[in-house]
>>> print(open('target14.cif').read())   # mmCIF, C-alpha atoms
data_upload
#
loop_
_atom_site.label_atom_id
_atom_site.label_comp_id
_atom_site.auth_asym_id
_atom_site.auth_seq_id
_atom_site.Cartn_x
_atom_site.Cartn_y
_atom_site.Cartn_z
CA MET A 477 0.00 0.00 0.00
CA ASN A 478 2.80 2.41 0.91
CA ARG A 479 4.57 1.80 -2.38
CA THR A 480 1.34 2.44 -4.30
CA VAL A 481 0.89 5.78 -2.53
CA ALA A 482 4.50 6.77 -3.29
CA LEU A 483 4.18 5.81 -6.95
CA ALA A 484 0.90 7.70 -7.28
CA SER A 485 2.37 10.86 -5.72
CA LEU A 486 5.36 10.76 -8.08
CA LEU A 487 3.18 10.06 -11.10
CA LEU A 488 0.93 13.00 -10.30
CA GLY A 489 3.84 15.25 -9.28
CA GLY A 490 5.82 14.61 -12.45
CA PHE A 491 2.73 15.21 -14.59
CA THR A 492 1.94 18.45 -12.76
CA ALA A 493 5.50 19.75 -13.01
CA THR A 494 5.90 19.23 -16.76
CA ILE A 495 2.40 20.52 -17.51
CA ALA A 496 3.38 23.75 -15.73
CA LEU A 497 6.78 23.88 -17.43
CA THR A 498 5.33 23.61 -20.93
CA SER A 499 2.10 25.61 -20.62
CA ASN A 500 1.58 28.45 -23.07
CA MET A 501 1.70 32.10 -22.09
CA PRO A 502 0.43 35.36 -23.61
CA GLY A 503 2.90 37.29 -25.74
CA ASN A 504 4.82 34.30 -27.05
CA PHE A 505 4.86 35.17 -30.76
CA ALA A 506 7.54 35.13 -33.42
CA ILE A 507 6.64 38.34 -35.24
CA ILE A 508 6.64 41.51 -33.14
CA THR A 509 8.62 44.71 -33.76
CA ASP A 510 12.17 44.57 -32.48
CA SER A 511 14.40 42.81 -35.01
CA SER A 512 16.92 41.71 -32.37
CA ARG A 513 14.17 39.95 -30.38
CA VAL A 514 16.20 40.04 -27.15
CA ASP A 515 12.85 39.98 -25.35
CA VAL A 516 12.61 36.27 -26.17
CA LEU A 517 15.51 35.63 -23.80
CA VAL A 518 13.55 37.21 -20.95
CA TYR A 519 9.84 36.97 -21.66
CA SER A 520 8.76 33.86 -23.53
CA ALA A 521 7.61 30.33 -22.85
CA ALA A 522 11.13 29.14 -23.72
CA ALA A 523 12.65 31.51 -21.16
CA GLY A 524 10.22 30.25 -18.53
CA ALA A 525 10.99 26.60 -19.29
CA THR A 526 14.72 27.36 -19.11
CA LEU A 527 14.28 28.98 -15.72
CA GLY A 528 12.27 26.02 -14.48
CA ALA A 529 14.78 23.45 -15.76
CA ILE A 530 17.70 25.25 -14.10
CA THR A 531 15.70 25.55 -10.86
CA ALA A 532 15.07 21.80 -10.95
CA ALA A 533 18.77 21.06 -11.46
CA PHE A 534 19.89 23.30 -8.60
CA THR A 535 17.20 21.89 -6.31
CA VAL A 536 18.08 18.24 -6.78
CA ILE A 537 21.84 18.82 -6.63
CA LEU A 538 21.98 21.13 -3.61
CA ALA A 539 19.14 19.74 -1.47
CA ARG A 540 19.91 16.38 0.12
CA ARG A 541 17.88 15.91 3.30
CA ARG A 542 14.39 14.42 3.14
CA ARG A 543 12.83 17.24 5.16
CA THR A 544 14.45 19.90 2.96
CA LEU A 545 13.22 18.20 -0.20
CA ALA A 546 9.69 17.92 1.19
CA SER A 547 9.73 21.63 2.09
CA ILE A 548 10.90 22.60 -1.38
CA ALA A 549 8.19 20.43 -2.97
CA ALA A 550 5.60 22.17 -0.78
CA LEU A 551 6.96 25.57 -1.82
CA GLY A 552 6.73 24.59 -5.48
CA LEU A 553 3.11 23.50 -5.04
CA VAL A 554 2.29 26.77 -3.31
CA LEU A 555 3.80 28.83 -6.13
CA LEU A 556 1.85 26.84 -8.72
CA ALA A 557 -1.35 27.29 -6.73
CA VAL A 558 -0.84 31.04 -6.38
CA THR A 559 -0.29 31.53 -10.09
CA SER A 560 -3.33 29.36 -10.85
CA PHE A 561 -5.53 31.53 -8.64
CA HIS A 562 -4.18 34.84 -9.91
CA GLY A 563 -4.99 34.25 -13.56
CA PHE A 564 -3.35 36.30 -16.33
CA TRP A 565 -0.70 38.82 -15.39
CA GLN A 566 2.44 39.78 -17.21
CA TRP A 567 5.13 38.04 -15.16
CA GLU A 568 3.22 35.07 -13.81
CA PHE A 569 5.43 32.63 -15.67
CA TYR A 570 8.42 33.38 -13.39
CA PRO A 571 6.94 31.99 -10.13
CA GLN A 572 5.06 29.34 -12.07
CA ARG A 573 8.16 27.94 -13.77
CA VAL A 574 10.24 28.22 -10.59
CA GLY A 575 7.53 26.31 -8.72
CA ALA A 576 7.40 23.62 -11.40
CA GLY A 577 11.18 23.23 -11.40
CA ALA A 578 11.34 23.12 -7.60
CA LEU A 579 8.63 20.44 -7.52
CA LEU A 580 10.32 18.29 -10.17
CA GLY A 581 13.76 18.54 -8.55
CA ALA A 582 12.43 17.81 -5.06
CA LEU A 583 10.48 14.76 -6.21
CA ALA A 584 13.55 13.42 -7.99
CA GLY A 585 15.53 13.86 -4.76
CA LEU A 586 12.87 11.96 -2.79
CA CYS A 587 13.43 9.01 -5.12
CA ASN A 588 16.89 8.42 -3.61
CA THR A 589 15.89 5.31 -1.67
CA ARG A 590 16.36 1.58 -2.05
CA ASP A 591 13.27 1.56 -4.29
CA ARG A 592 14.85 4.11 -6.63
CA PRO A 593 14.21 2.17 -9.90
CA MET A 594 10.46 1.95 -9.35
CA LEU A 595 10.15 5.46 -7.93
CA GLN A 596 12.10 7.08 -10.78
CA THR A 597 10.04 5.12 -13.29
CA ALA A 598 6.80 6.54 -11.83
CA LEU A 599 8.20 10.07 -11.87
CA ALA A 600 9.40 9.65 -15.46
CA ALA A 601 6.02 8.27 -16.61
CA GLY A 602 4.23 11.27 -15.14
CA ALA A 603 6.70 13.74 -16.61
CA VAL A 604 6.63 12.22 -20.11
CA GLY A 605 2.84 12.14 -20.01
CA GLY A 606 2.79 15.83 -19.13
CA LEU A 607 5.17 16.68 -21.94
CA LEU A 608 3.01 14.87 -24.50
CA LEU A 609 -0.35 16.09 -23.25
CA SER A 610 0.45 19.67 -22.31
CA GLU A 611 -0.64 21.14 -25.64
CA PRO A 612 -3.97 19.28 -26.03
CA ILE A 613 -4.83 19.83 -22.36
CA ASP A 614 -4.15 23.54 -22.77
CA GLU A 615 -7.00 23.68 -25.27
CA TYR A 616 -9.44 22.60 -22.56
CA ARG A 617 -8.16 24.84 -19.78
CA SER A 618 -9.89 27.97 -21.09
CA ALA A 619 -12.47 29.05 -23.63
CA PHE A 620 -9.65 29.87 -26.03
CA PRO A 621 -6.00 28.81 -26.25
CA ARG A 622 -3.69 30.97 -24.19
CA ARG A 623 -1.42 31.65 -27.14
CA TYR A 624 -4.23 33.72 -28.70
CA ALA A 625 -4.74 35.92 -25.62
CA ASP A 626 -2.93 38.94 -27.07
CA TYR A 627 -5.22 38.99 -30.09
CA LEU A 628 -8.39 39.36 -28.04
CA PRO A 629 -9.87 42.37 -26.24
CA ALA A 630 -9.18 42.60 -22.55
CA ASP A 631 -12.83 41.82 -21.76
CA TYR A 632 -12.42 38.39 -23.33
CA VAL A 633 -9.42 37.45 -21.22
CA SER A 634 -10.77 35.82 -18.09
CA ALA A 635 -8.88 36.08 -14.82
CA ALA A 636 -10.75 33.11 -13.41
CA PRO A 637 -8.70 30.51 -11.54
CA ASP A 638 -7.28 27.63 -13.52
CA ALA A 639 -9.67 24.90 -12.36
CA PHE A 640 -7.75 22.09 -14.06
CA MET A 641 -4.40 22.99 -12.50
CA LEU A 642 -5.95 23.56 -9.07
CA SER A 643 -7.61 20.14 -9.21
CA LEU A 644 -4.35 18.53 -10.28
CA LEU A 645 -2.45 20.32 -7.52
CA SER A 646 -4.99 19.22 -4.93
CA LEU A 647 -4.58 15.57 -5.90
CA THR A 648 -0.80 15.93 -5.86
CA VAL A 649 -0.79 17.56 -2.43
CA VAL A 650 -2.96 14.84 -0.91
CA ALA A 651 -0.95 11.99 -2.43
CA LEU A 652 2.41 13.54 -1.51
CA LEU A 653 1.33 14.36 2.04
CA VAL A 654 0.09 10.81 2.68
CA ALA A 655 3.26 9.34 1.14
CA ILE A 656 5.56 11.47 3.30
CA GLN A 657 3.61 10.84 6.50
CA ARG A 658 3.67 7.08 5.92
CA GLY A 659 7.32 7.05 4.92
CA ALA A 660 6.19 5.45 1.67
CA PHE A 661 9.33 6.39 -0.23
CA GLY A 662 11.35 3.90 1.80
CA VAL A 663 14.67 4.04 3.55
CA PRO A 664 16.81 6.94 2.29
CA ASP A 665 19.82 5.89 0.27
CA PRO A 666 22.62 8.50 0.57
CA ALA A 667 23.14 10.11 -2.82
CA ARG A 668 26.60 9.96 -4.32
CA ALA A 669 28.49 13.23 -4.22
CA ASP A 670 30.72 12.48 -7.21
CA GLY A 671 30.17 14.36 -10.44
CA ARG A 672 28.09 17.15 -8.91
CA VAL A 673 29.98 19.84 -10.82
CA ARG A 674 29.44 17.99 -14.08
CA GLU A 675 25.75 17.48 -13.37
CA LEU A 676 25.27 21.14 -12.53
CA ALA A 677 27.11 22.21 -15.67
CA VAL A 678 24.98 19.94 -17.88
CA GLY A 679 21.82 20.98 -16.02
CA VAL A 680 22.48 24.61 -16.91
CA ALA A 681 24.00 24.16 -20.37
CA VAL A 682 21.20 22.07 -21.89
CA PRO A 683 18.28 24.46 -21.18
CA VAL A 684 20.38 27.55 -21.97
CA ALA A 685 21.32 26.03 -25.32
CA GLY A 686 17.64 25.38 -25.98
CA LEU A 687 16.77 29.00 -25.19
CA LEU A 688 19.50 30.38 -27.45
CA LEU A 689 18.38 28.15 -30.31
CA HIS A 690 14.78 29.28 -29.81
CA TRP A 691 15.95 32.90 -29.96
CA SER A 692 17.84 32.15 -33.18
CA LEU A 693 14.75 30.59 -34.74
CA VAL A 694 12.51 33.51 -33.75
CA ARG A 695 14.98 35.99 -35.24
CA ALA A 696 15.18 33.96 -38.44
CA VAL A 697 11.38 33.89 -38.79
CA GLN A 698 11.09 37.61 -38.18
CA GLY A 699 13.92 38.37 -40.60
CA MET A 700 12.28 36.65 -43.56
CA SER A 701 11.17 38.77 -46.47
CA THR A 702 7.56 39.97 -46.43
CA THR A 703 7.54 41.21 -50.03
CA GLU A 704 9.00 38.27 -51.95
CA VAL A 705 7.81 34.71 -52.45
CA THR A 706 10.73 33.01 -50.76
CA GLN A 707 11.37 30.16 -48.39
CA GLU A 708 14.00 30.20 -45.69
CA ARG A 709 15.66 27.27 -43.98
CA TRP A 710 16.91 27.16 -40.41
CA LEU A 711 19.52 24.51 -39.62
CA PHE A 712 20.93 25.54 -36.25
CA GLY A 713 18.68 23.08 -34.45
CA LEU A 714 21.19 20.44 -35.50
CA ALA A 715 23.28 21.66 -32.56
CA VAL A 716 20.83 19.95 -30.20
CA THR A 717 22.29 16.53 -30.95
CA PRO A 718 25.96 17.25 -30.10
CA VAL A 719 24.93 19.22 -27.00
CA PHE A 720 22.96 16.29 -25.62
CA VAL A 721 25.51 13.66 -26.64
CA ALA A 722 28.42 15.62 -25.18
CA GLY A 723 26.52 16.20 -21.94
CA ALA A 724 25.56 12.54 -21.66
CA LEU A 725 29.10 11.29 -22.27
CA TRP A 726 30.50 13.79 -19.77
CA LEU A 727 28.26 12.62 -16.95
CA PRO A 728 29.75 9.90 -14.72
CA ARG A 729 29.24 6.21 -15.48
CA ARG A 730 25.90 5.45 -17.18
CA GLN A 731 24.02 8.47 -15.88
CA GLY A 732 23.84 10.07 -19.32
CA MET A 733 21.73 7.26 -20.80
CA VAL A 734 18.48 8.86 -19.69
CA LEU A 735 19.57 12.19 -21.22
CA LEU A 736 20.10 10.40 -24.53
CA ALA A 737 16.64 8.88 -24.19
CA ALA A 738 15.33 12.44 -23.86
CA LEU A 739 17.19 13.38 -27.07
CA ALA A 740 15.59 10.47 -28.95
CA PHE A 741 12.18 11.52 -27.62
CA ILE A 742 12.70 15.16 -28.63
CA ALA A 743 13.79 14.18 -32.14
CA ALA A 744 10.97 11.69 -32.70
CA ALA A 745 8.35 14.13 -31.37
CA SER A 746 9.51 16.98 -33.60
CA GLY A 747 7.32 15.83 -36.52
CA GLY A 748 4.58 18.23 -35.45
CA VAL A 749 1.70 15.73 -35.10
CA ARG A 750 0.04 15.93 -31.67
CA TRP A 751 -2.85 14.12 -30.08
CA SER A 752 -6.03 16.11 -30.67
CA SER A 753 -9.63 15.23 -29.95
CA ASP A 754 -12.96 16.88 -29.34
CA SER A 755 -13.43 14.69 -26.26
CA TRP A 756 -11.07 15.23 -23.36
CA PRO A 757 -11.51 11.67 -21.95
CA SER A 758 -9.73 10.43 -25.07
CA LEU A 759 -6.58 12.05 -23.68
CA LEU A 760 -6.44 9.14 -21.25
CA ILE A 761 -5.36 6.92 -24.16
CA PRO A 762 -1.87 8.42 -24.66
CA ALA A 763 -1.51 8.76 -20.89
CA MET A 764 -2.18 5.05 -20.45
CA LEU A 765 0.20 4.24 -23.29
CA VAL A 766 2.99 6.18 -21.56
CA VAL A 767 2.39 4.35 -18.27
CA LEU A 768 2.21 1.00 -20.06
CA GLY A 769 5.45 1.73 -21.89
CA ALA A 770 7.15 2.69 -18.61
CA VAL A 771 5.98 -0.54 -16.98
CA PHE A 772 7.34 -2.61 -19.86
CA GLY A 773 10.56 -0.61 -19.85
CA ARG A 774 11.05 -1.28 -16.15
CA ARG A 775 10.19 -4.97 -16.51
CA TRP A 776 12.30 -5.55 -19.62
CA PRO A 777 14.89 -2.75 -19.72
CA SER A 778 16.22 -2.66 -23.27
CA PRO A 779 16.89 0.97 -24.26
CA LEU A 780 17.91 0.14 -27.81
CA VAL A 781 14.53 -1.47 -28.49
CA GLY A 782 12.86 1.75 -27.40
CA VAL A 783 15.21 3.82 -29.55
CA ALA A 784 14.37 1.62 -32.54
CA ALA A 785 10.65 2.25 -31.96
CA LEU A 786 11.27 6.00 -31.76
CA ALA A 787 13.26 5.80 -35.01
CA LEU A 788 10.22 4.17 -36.65
CA VAL A 789 8.07 7.06 -35.44
CA ALA A 790 10.53 9.56 -36.91
CA ALA A 791 10.81 7.65 -40.20
CA SER A 792 7.03 7.51 -40.61
CA ALA A 793 7.07 11.25 -41.40
CA VAL A 794 7.83 10.42 -45.05
CA PHE A 795 4.26 9.12 -45.33
CA ASP A 796 2.69 12.56 -45.67
CA GLU A 797 0.51 11.97 -48.72
CA GLN A 798 -3.13 10.94 -48.34
CA PRO A 799 -4.33 8.37 -47.56
CA TRP A 800 -1.01 7.02 -46.29
CA ASP A 801 -0.46 9.92 -43.91
CA THR A 802 -2.43 7.87 -41.40
CA VAL A 803 0.74 5.81 -40.97
CA HIS A 804 2.58 8.85 -39.62
CA ILE A 805 -0.39 10.01 -37.56
CA GLY A 806 -0.78 6.57 -36.02
CA GLY A 807 2.89 6.38 -35.20
CA ALA A 808 2.95 9.84 -33.65
CA VAL A 809 -0.16 9.52 -31.49
CA LEU A 810 -0.02 5.81 -30.56
CA LEU A 811 3.50 4.45 -30.87
CA LEU A 812 5.30 7.59 -29.67
CA PRO A 813 3.76 7.65 -26.15
CA PHE A 814 4.48 3.97 -25.58
CA ALA A 815 8.00 4.14 -27.03
CA ALA A 816 8.88 7.30 -25.10
CA GLY A 817 7.76 5.82 -21.79
CA PHE A 818 9.55 2.56 -22.54
CA THR A 819 12.85 4.16 -23.57
CA VAL A 820 13.10 6.55 -20.64
CA ALA A 821 12.16 3.85 -18.11
CA ALA A 822 14.62 1.39 -19.66
CA CYS A 823 17.46 3.88 -19.08
CA LEU A 824 16.66 4.11 -15.36
CA PRO A 825 17.72 4.03 -12.60
CA SER A 826 20.10 6.93 -12.82
CA SER A 827 21.29 9.62 -10.47
CA ALA A 828 18.63 12.07 -9.27
CA PRO A 829 20.28 15.06 -11.03
CA ALA A 830 20.63 13.22 -14.35
CA THR A 831 17.00 12.11 -14.16
CA THR A 832 15.82 15.63 -13.38
CA ILE A 833 17.85 17.21 -16.17
CA SER A 834 16.55 14.67 -18.67
CA LEU A 835 12.88 15.04 -17.72
CA ALA A 836 13.07 18.84 -17.89
CA ALA A 837 15.07 18.93 -21.14
CA PRO A 838 12.16 18.33 -23.57
CA ALA A 839 10.32 21.29 -22.02
CA ALA A 840 13.34 23.57 -22.41
CA VAL A 841 14.46 22.40 -25.88
CA THR A 842 11.47 22.89 -28.16
CA VAL A 843 13.07 23.84 -31.47
CA PRO A 844 12.98 21.50 -34.47
CA LEU A 845 16.31 20.11 -35.66
CA ILE A 846 15.79 21.78 -39.03
CA THR A 847 12.82 23.64 -40.45
CA GLN A 848 11.62 25.48 -43.53
CA PHE A 849 9.40 28.55 -43.45
CA GLY A 850 8.39 31.49 -45.60
CA TRP A 851 5.97 32.45 -48.33
CA THR A 852 5.24 30.14 -51.25
CA ALA A 853 3.48 30.54 -54.53
CA TYR A 854 0.09 28.89 -54.99
CA THR A 855 0.36 25.24 -55.95
CA PRO A 856 -2.80 23.34 -56.95
CA LEU A 857 -3.53 20.22 -54.95
CA THR A 858 -3.07 17.01 -56.88
CA PRO A 859 -3.68 13.45 -55.75
CA SER A 860 -0.58 11.49 -54.78
CA ARG A 861 0.37 8.43 -56.78
CA THR A 862 2.69 7.06 -54.11
CA ALA A 863 2.56 6.53 -50.37
CA LEU A 864 5.77 8.44 -49.78
CA SER A 865 6.41 12.14 -49.75
CA SER A 866 7.26 13.84 -53.03
CA SER A 867 9.03 16.68 -51.23
CA ALA A 868 12.82 16.60 -51.15
CA TRP A 869 12.79 18.76 -48.03
CA GLN A 870 10.49 16.30 -46.26
CA TRP A 871 12.94 13.50 -47.01
CA THR A 872 15.83 15.63 -45.77
CA SER A 873 14.15 16.65 -42.51
CA THR A 874 13.00 13.09 -41.87
CA GLY A 875 16.50 11.76 -42.51
CA VAL A 876 17.97 14.28 -40.08
CA THR A 877 15.43 13.34 -37.41
CA VAL A 878 16.02 9.62 -37.82
CA ALA A 879 19.78 10.20 -37.72
CA ALA A 880 19.46 12.07 -34.41
CA VAL A 881 17.49 9.17 -32.92
CA LEU A 882 20.03 6.63 -34.17
CA ILE A 883 22.94 8.71 -32.84
CA SER A 884 21.31 8.72 -29.41
CA GLY A 885 20.98 4.93 -29.66
CA ALA A 886 24.64 4.53 -30.60
CA ALA A 887 25.68 6.71 -27.67
CA ILE A 888 23.49 4.66 -25.32
CA ALA A 889 25.15 1.49 -26.57
CA TRP A 890 28.53 3.10 -25.86
CA LEU A 891 27.51 4.11 -22.34
CA GLN A 892 26.28 0.59 -21.60
CA ARG A 893 29.91 -0.49 -21.77
CA ARG A 894 30.68 1.65 -18.73
CA PRO A 895 30.34 0.21 -15.22
CA ALA A 896 26.97 0.90 -13.62
CA GLU A 897 28.60 1.81 -10.32
CA LYS A 898 31.90 3.46 -9.53
CA PRO A 899 34.59 1.01 -8.36
CA PRO A 900 35.50 1.63 -4.71
CA SER A 901 39.13 2.31 -5.55
CA VAL A 902 38.35 5.09 -8.04
CA GLU A 903 38.54 8.60 -6.73
CA ALA A 904 35.34 10.60 -7.06
CA PRO A 905 35.60 12.90 -10.12
CA MET A 906 34.69 16.54 -10.05
#
>>> encode(input="target14.cif", output="structure tokens")
Amino acid sequence: MNRTVALASLLLGGFTATIALTSNMPGNFAIITDSSRVDVLVYSAAAGATLGAITAAFTVILARRRRTLASIAALGLVLLAVTSFHGFWQWEFYPQRVGAGALLGALAGLCNTRDRPMLQTALAAGAVGGLLLSEPIDEYRSAFPRRYADYLPADYVSAAPDAFMLSLLSLTVVALLVAIQRGAFGVPDPARADGRVRELAVGVAVPVAGLLLHWSLVRAVQGMSTTEVTQERWLFGLAVTPVFVAGALWLPRRQGMVLLAALAFIAAASGGVRWSSDSWPSLLIPAMLVVLGAVFGRRWPSPLVGVAALALVAASAVFDEQPWDTVHIGGAVLLLPFAAGFTVAACLPSSAPATTISLAAPAAVTVPLITQFGWTAYTPLTPSRTALSSSAWQWTSTGVTVAAVLISGAAIAWLQRRPAEKPPSVEAPM
């Protein structure tokens, strides 16, 4: 019973944290007035997610005691509740993202017990579910999507409390309080102190790199010509792969495997297809698929199998011509949740900091690896004679995405050759 309560609190807490990290905010648009777009580095959803990811990293690395972690988790829940009650105001994303990061980091720290594999798996399942469902859930949280708030008159923007988030927070508070009072997390297992400098460096570098790439993309979109029929291509997102791989290889032992799983998830999910339905109960389907994938990944931990499934999801993007585009849609909305949960769970257990960094990374790194945008001349629609895409750019972008997934798999295979635990005679690295 105690284990069930602990798993439920982590599942709910991880879901709540990533929902808050990835929620939309007013004013997050690519085309405004200032060509430098420095405002993106300060006031944007990407800036908020970066702040939350860094907060999570600092929390889990610096806080060690159970009571301290519980207090930080409570503080994070309070901040999320306050911002949910307040409604729309210009800087609400700062305390909201800090609260989400504090909650995620504290929960990851509470997983440092003898039951760490199961506890981290529950936290990861909740976090991955939140990352996948944040956008469709956001459509149900108000009468209109938040990203359209700046286009509407002030009278249309309701300051009513966020009922969905408050309900989710209430469930999380109850589950976490019962788990802590019962000691459901188990006997604390002292966290290793080796590699803390590396973990902190990676925990800051990954979200900051994501923010800078987002800024670059926004500037590129705003700098496109508005008078000519042209298309621009942005390729700097390719830097995501070496950043993640370098960070994963730099982390001690096998800790970077879960970060590479996050890279494979980010690449496979960059196809743009998201779960969408007119009935909110249908959102339980991808949520259940994530949990099921995590259970299978914990029971039969084979990260490379999960990476292969994510590569299939990425490769299905070449089927973009009707009626075969259902292959890609099916892969993105059905196989992706299961494969993501499986791959992340199969790479666990890991250190609490590495787990936190990896679960927050998809919220902070939201840019596509490569993308094409701009104005095009009118092209009449014609029926497709093949199942595969006729666009050379679609083949290129799909190939790049699949390559990123396969590179993450190769790096995971390399890390599996490292010892899972540090030999006693080896001095702790900085």
>>> atom_distance(input="target14.cif", atom1="CA of Leu609 (chain A)", atom2="CA of Gly769 (chain A)")
15.5 Å
>>> atom_distance(input="target14.cif", atom1="CA of Ala896 (chain A)", atom2="CA of Leu739 (chain A)")
20.8 Å
>>> closest_residue(input="target14.cif", among="A:Thr492, A:Gln572, A:Thr842, A:Thr597", to="Met641 (chain A)", atoms="all atoms listed in the file")
A:Thr492
>>> atom_distance(input="target14.cif", atom1="CA of Val650 (chain A)", atom2="CA of Val767 (chain A)")
21.0 Å
>>> closest_residue(input="target14.cif", among="A:Phe814, A:Trp800, A:Trp776, A:Phe491", to="Met764 (chain A)", atoms="only C-alpha atoms")
A:Phe814
>>> closest_residue(input="target14.cif", among="A:Phe818, A:Trp756, A:Phe640, A:Phe741", to="Val771 (chain A)", atoms="only C-alpha atoms")
A:Phe818
>>> resolve_selection(input="target14.cif", expression="the PyMOL selection byres ((chain A and resi 891) around 10)", output="PyMOL selection string")
chain A and resi 724-725+728-733+736+885-890+892-896
>>> closest_residue(input="target14.cif", among="A:Leu688, A:Ala815, A:Gly679, A:Gly713", to="Ser778 (chain A)", atoms="only C-alpha atoms")
A:Ala815
>>> resolve_selection(input="target14.cif", expression="the PyMOL selection byres ((chain A and resi 874) around 12)", output="number ranges by chain")
A: 743-748, 787-796, 804, 844-847, 864-865, 867-873, 875-881
>>> residues_around(input="target14.cif", residues="Gln596 (chain A)", least_positions_apart="4", cutoff="7 Å", atoms="all atoms listed in the file", output="list in words")
Cys587, Arg592, Ala600 and Pro825 of chain A
>>> residues_around(input="target14.cif", residues="Ala738 (chain A)", least_positions_apart="6", cutoff="9 Å", atoms="all atoms listed in the file", output="compact mmCIF listing (two decimals) with C-alpha atoms, in the frame of the given file")
# COMPACT_ATOMS: atom_id res chain seq x y z
CA PHE A 720 22.96 16.29 -25.62
CA ALA A 816 8.88 7.30 -25.10
CA THR A 819 12.85 4.16 -23.57
CA VAL A 820 13.10 6.55 -20.64
CA SER A 834 16.55 14.67 -18.67
CA LEU A 835 12.88 15.04 -17.72
CA ALA A 837 15.07 18.93 -21.14
CA PRO A 838 12.16 18.33 -23.57
CA SER A 884 21.31 8.72 -29.41
>>> residues_near_point(input="target14.cif", point="(15.0, -2.3, -18.4)", cutoff="8 Å", atoms="only C-alpha atoms", output="PyMOL selection string")
chain A and resi 772-779+821-824
>>> closest_residue(input="target14.cif", among="A:Ala603, A:Ala763, A:Val716, A:Val514", to="Ala496 (chain A)", atoms="all atoms listed in the file")
A:Ala603
>>> resolve_selection(input="target14.cif", expression="the PyMOL selection byres ((chain A and resi 540) around 12)", output="VMD selection string")
chain A and resid 534 to 539 541 to 548 581 to 589 664 to 669 828 to 829
>>> closest_residue(input="target14.cif", among="A:Ile530, A:Val719, A:Ala493, A:Ala830", to="Arg674 (chain A)", atoms="only C-alpha atoms")
A:Ala830
